[in-house]
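Participant: I have a structure here, written as structure tokens, and I will follow up with some questions on it.
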Amino acid sequence: MKTLLSGGTVVSMDPAVGDLARGDVLIEDGVIVEVAERIDAPDAEVIDAADRIVMPGFVDNHRHSWQTAFRGIGADWTFAEWAVAMHGTVKPHYQPQDVYAGTLLGRLEALHSGVTTMLDWYHVAQTPQHEDAAVAALRDAPGRSIFCLGAGWGTPGPVDAAIRRVHADLAGDDRVTMAFGLRGPEATGMDTVARELELAAELGLRTSLHVDLVGGAVADLRAHGLLRETTTFVHGNGLGDDELRMLADAGSSLSISPDVELKMGFGWPMTGRAMANGLRPTLSIDDVPSAGGDMFSTMRTAFAVQRGLDGGLRSRDLLAFTTIDAADSCGLDARTGSLTPGKDADIILLRTDDLTVFPATDPAATIVSAGHPGLVDTVLVAGRVVKRDGVLVDVDLAALRTRLIESRNRIAAAAGIPLDGTWHPQPESK
């Protein structure tokens, strides 16, 4: 099976391929086989990419999609208020069907806005049935997904059995794979972190870890020999320059969620300081109760903040953070993140005839400075068209919307919380 994306403006994110003002991309059996100004492929299905930017799909390496039903409810919350609300008040009332609905709609939302690969950081752990519901939702969404299984918020016990069970279930699944969400030394102590890293290495799993806001955790992990190139550290606003250099030396990754970090009081996003200390940062959404779910707004926030702080970063940096760099952080850079022959055809087509971006004189700069989900015309995952002409393919959104609203209303009623914008969770005073 061959598909030819014809006549688009190609932003490949591969220096060896470069950008093409007018280019074609040939796909065969789900893999990119050629990128050139013109390709002769008379036996291929042709997708007209005129007036479109053709680029690799976005990679989001940190999102808690189980919270999708409560979109926007936490826009005014601090981190402490979010923790009380989502983990202390709402989460205990989640049933497996609620996890399924939130995860499925969250993954479809990401796909709709051009996120072809997403790491779903699951920390609503209650029963195996909850975990299975999240996995089922990711399998039912046609994107490339990584199920990052972590213990529930504040859960002190071992998670080995759950990790092994889900790992066995996902064995052989090429589209939905697995990562291990570590709890970290502040929550469990160094011995548990060491044991969990050993389990991850045994199963061949990458790991992800939320970093305490006051710093020190990275230095402690290094002192115990526990920094790994296979670990992505999330947020890290409290890390000093010395700890950032430690991550760079270890080959670890850093995931920054600029909108959530600024709103919740984490501090300035770390993009500039990370790069100054030899670390390639990546960008992620985190959660939609507090922020938007698309990578366009995430890039724009990170870009504007860093430019305001020190004039640093270029628009091309932001595209790298959300494509090839993020793919590398997930261990998938050999498969996705750039339009490179031999990689899977995870590709998005963005409209350039839309008045909000016309004329797209500098395509990369236009994507970062003015891009939005409404431009995402076509999405391919491993060569399969999953969104065409602005509409997700073979998805009954009406039924799914009804299901998510019913889930949200049931949880809110059980938790005794209003949905009229008047709920202000109260963190416990220390």
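Residues in the structure tokens are numbered from 1 in each chain, the chains being A, B, ... in the order shown, and ligands are numbered from 1 in the order shown.
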Would you please extract all helix (DSSP H, G or I) residues from segment 279-327 of chain A, as assigned by DSSP on the backbone, and give them as a list in words?
Facilitator: Met295, Phe296, Ser297, Thr298, Met299, Arg300, Thr301, Ala302, Phe303, Ala304, Val305, Gln306, Arg307, Gly308, Leu309, Asp310, Ser315, Arg316, Asp317, Leu318, Leu319, Ala320, Phe321, Ile324, Asp325, Ala326 and Ala327 of chain A
Participant: Excluding Lys91 of chain A and its own-chain neighbours fewer than 6 positions away, which residues fall within 12 Å of it when counting only C-alpha atoms? Please give them as a count of residues only.
Facilitator: 23
Participant: At a cut-off of 10 Å, using only C-alpha atoms, what residues contact segment 136-147 of chain A? Leave out same-chain residues fewer than 6 positions from it and give the result as a PyMOL selection string.
Facilitator: chain A and resi 59-62+97+99-112+114-122+130+166-167+170+173-181+330+336+346+379-382+384-387+392-395
Participant: Counting only C-alpha atoms, which residues in segment 350-373 of chain A sit no more than 8 Å from segment 300-319 of chain A? For each one, give the nearest pair of atoms and the distance in Å, sorted by chain then residue number, as a tab-separated table.
Facilitator:
residue	atom	partner	partner_atom	distance
A:Ala364	CA	A:Arg316	CA	6.2
A:Ala365	CA	A:Ser315	CA	5.4
A:Val368	CA	A:Arg300	CA	5.9
A:Ser369	CA	A:Arg300	CA	6.1
Participant: Create the file for the chosen residues now, containing C-alpha atoms and written as a CSV table (one decimal), in the first residue's frame.
Facilitator:
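Saved file part-v1.csv follows:
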chain,number,residue,atom,x,y,z
A,364,ALA,CA,8.1,27.0,11.2
A,365,ALA,CA,7.8,30.4,12.8
A,368,VAL,CA,4.9,28.4,16.7
A,369,SER,CA,3.6,32.0,16.8
Participant: Extract the full set of strand (DSSP E) residues from segment 379-426 of chain A according to DSSP on the backbone, and format it as a PDB file with N, CA, C and O atoms, in the first residue's frame.
Facilitator:
ATOM      1  N   VAL A 379      -4.330  13.855   9.738  1.00  0.00           N
ATOM      2  CA  VAL A 379      -3.396  13.201  10.656  1.00  0.00           C
ATOM      3  C   VAL A 379      -3.219  11.759  10.210  1.00  0.00           C
ATOM      4  O   VAL A 379      -4.204  11.046   9.953  1.00  0.00           O
ATOM      5  N   LEU A 380      -1.955  11.335  10.120  1.00  0.00           N
ATOM      6  CA  LEU A 380      -1.644   9.940   9.818  1.00  0.00           C
ATOM      7  C   LEU A 380      -0.822   9.362  10.959  1.00  0.00           C
ATOM      8  O   LEU A 380       0.093  10.031  11.479  1.00  0.00           O
ATOM      9  N   VAL A 381      -1.137   8.138  11.337  1.00  0.00           N
ATOM     10  CA  VAL A 381      -0.357   7.404  12.336  1.00  0.00           C
ATOM     11  C   VAL A 381       0.077   6.090  11.701  1.00  0.00           C
ATOM     12  O   VAL A 381      -0.775   5.292  11.289  1.00  0.00           O
ATOM     13  N   ARG A 384      -1.619   5.352   8.465  1.00  0.00           N
ATOM     14  CA  ARG A 384      -3.084   5.264   8.454  1.00  0.00           C
ATOM     15  C   ARG A 384      -3.682   6.646   8.666  1.00  0.00           C
ATOM     16  O   ARG A 384      -3.311   7.349   9.614  1.00  0.00           O
ATOM     17  N   VAL A 385      -4.608   7.043   7.816  1.00  0.00           N
ATOM     18  CA  VAL A 385      -5.274   8.333   7.970  1.00  0.00           C
ATOM     19  C   VAL A 385      -6.304   8.217   9.094  1.00  0.00           C
ATOM     20  O   VAL A 385      -7.273   7.469   8.988  1.00  0.00           O
ATOM     21  N   VAL A 386      -6.101   8.958  10.178  1.00  0.00           N
ATOM     22  CA  VAL A 386      -7.018   8.909  11.320  1.00  0.00           C
ATOM     23  C   VAL A 386      -7.813  10.205  11.464  1.00  0.00           C
ATOM     24  O   VAL A 386      -8.764  10.275  12.238  1.00  0.00           O
ATOM     25  N   LYS A 387      -7.413  11.231  10.700  1.00  0.00           N
ATOM     26  CA  LYS A 387      -8.195  12.465  10.618  1.00  0.00           C
ATOM     27  C   LYS A 387      -8.079  12.962   9.185  1.00  0.00           C
ATOM     28  O   LYS A 387      -6.974  13.061   8.641  1.00  0.00           O
ATOM     29  N   ARG A 388      -9.214  13.260   8.582  1.00  0.00           N
ATOM     30  CA  ARG A 388      -9.235  13.689   7.188  1.00  0.00           C
ATOM     31  C   ARG A 388     -10.178  14.875   7.047  1.00  0.00           C
ATOM     32  O   ARG A 388     -11.291  14.863   7.577  1.00  0.00           O
ATOM     33  N   VAL A 391     -11.741  16.140  10.270  1.00  0.00           N
ATOM     34  CA  VAL A 391     -12.662  15.301  11.036  1.00  0.00           C
ATOM     35  C   VAL A 391     -11.989  13.966  11.356  1.00  0.00           C
ATOM     36  O   VAL A 391     -11.410  13.323  10.472  1.00  0.00           O
ATOM     37  N   LEU A 392     -12.075  13.538  12.620  1.00  0.00           N
ATOM     38  CA  LEU A 392     -11.550  12.232  12.998  1.00  0.00           C
ATOM     39  C   LEU A 392     -12.317  11.139  12.265  1.00  0.00           C
ATOM     40  O   LEU A 392     -13.541  11.206  12.116  1.00  0.00           O
TER      41      LEU A 392
END
Participant: With only C-alpha atoms as the atoms that count, which of A:Ala370, A:Thr68, A:Ile347, A:Leu339 lies nearest to Leu20 of chain A?
Facilitator: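 Of A:Ala370, A:Thr68, A:Ile347, A:Leu339, the one nearest Leu20 of chain A is A:Leu339, counting only C-alpha atoms.
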Participant: Pick out the residues sitting within 9 Å of Gly374 of chain A, and hand them over as a PyMOL selection string; count only C-alpha atoms, and ignore anything fewer than 4 positions along from it in its own chain.
Facilitator: chain A and resi 113+350-351+354+390
Participant: Could you tell me which of A:Leu213, A:Leu254, A:Leu203, A:Met190 comes closest to Leu226 of chain A if we count only C-alpha atoms?
Facilitator: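 Using only C-alpha atoms, the shortest distance to Leu226 of chain A belongs to A:Met190.
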Participant: So that I can see what lies close to Ala36 of chain A, please list as a list in words the residues with an atom at most 7 Å from it, counting only C-alpha atoms and leaving out residues fewer than 3 positions away in the same chain.
Facilitator: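 These residues fall inside the cut-off: Gly23, Asp24, Val25 and Ile39 of chain A.
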Participant: As a list in words, please: the residues near Gly331 of chain A (cut-off 9 Å, only C-alpha atoms, same-chain neighbours under 5 positions excluded).
Facilitator: Arg206, Thr230 and Ala326 of chain A
Participant: Which residue out of A:Ala345, A:Ala50, A:Val135, A:Ala274 has the minimum interatomic distance to Gly30 of chain A when only C-alpha atoms are used?
Facilitator: A:Ala345
Participant: Quick one: residues within 10 Å of segment 239-243 of chain A, only C-alpha atoms counted, chain neighbours fewer than 5 positions away excluded, as an NGL selection string?
Facilitator: :A and (211-220 or 222 or 248-249 or 270 or 273-274 or 276-277)
Participant: Atom CA of Asp344 of chain A and atom CA of Val54 of chain A, how far apart in Å?
Facilitator: 14.4 Å
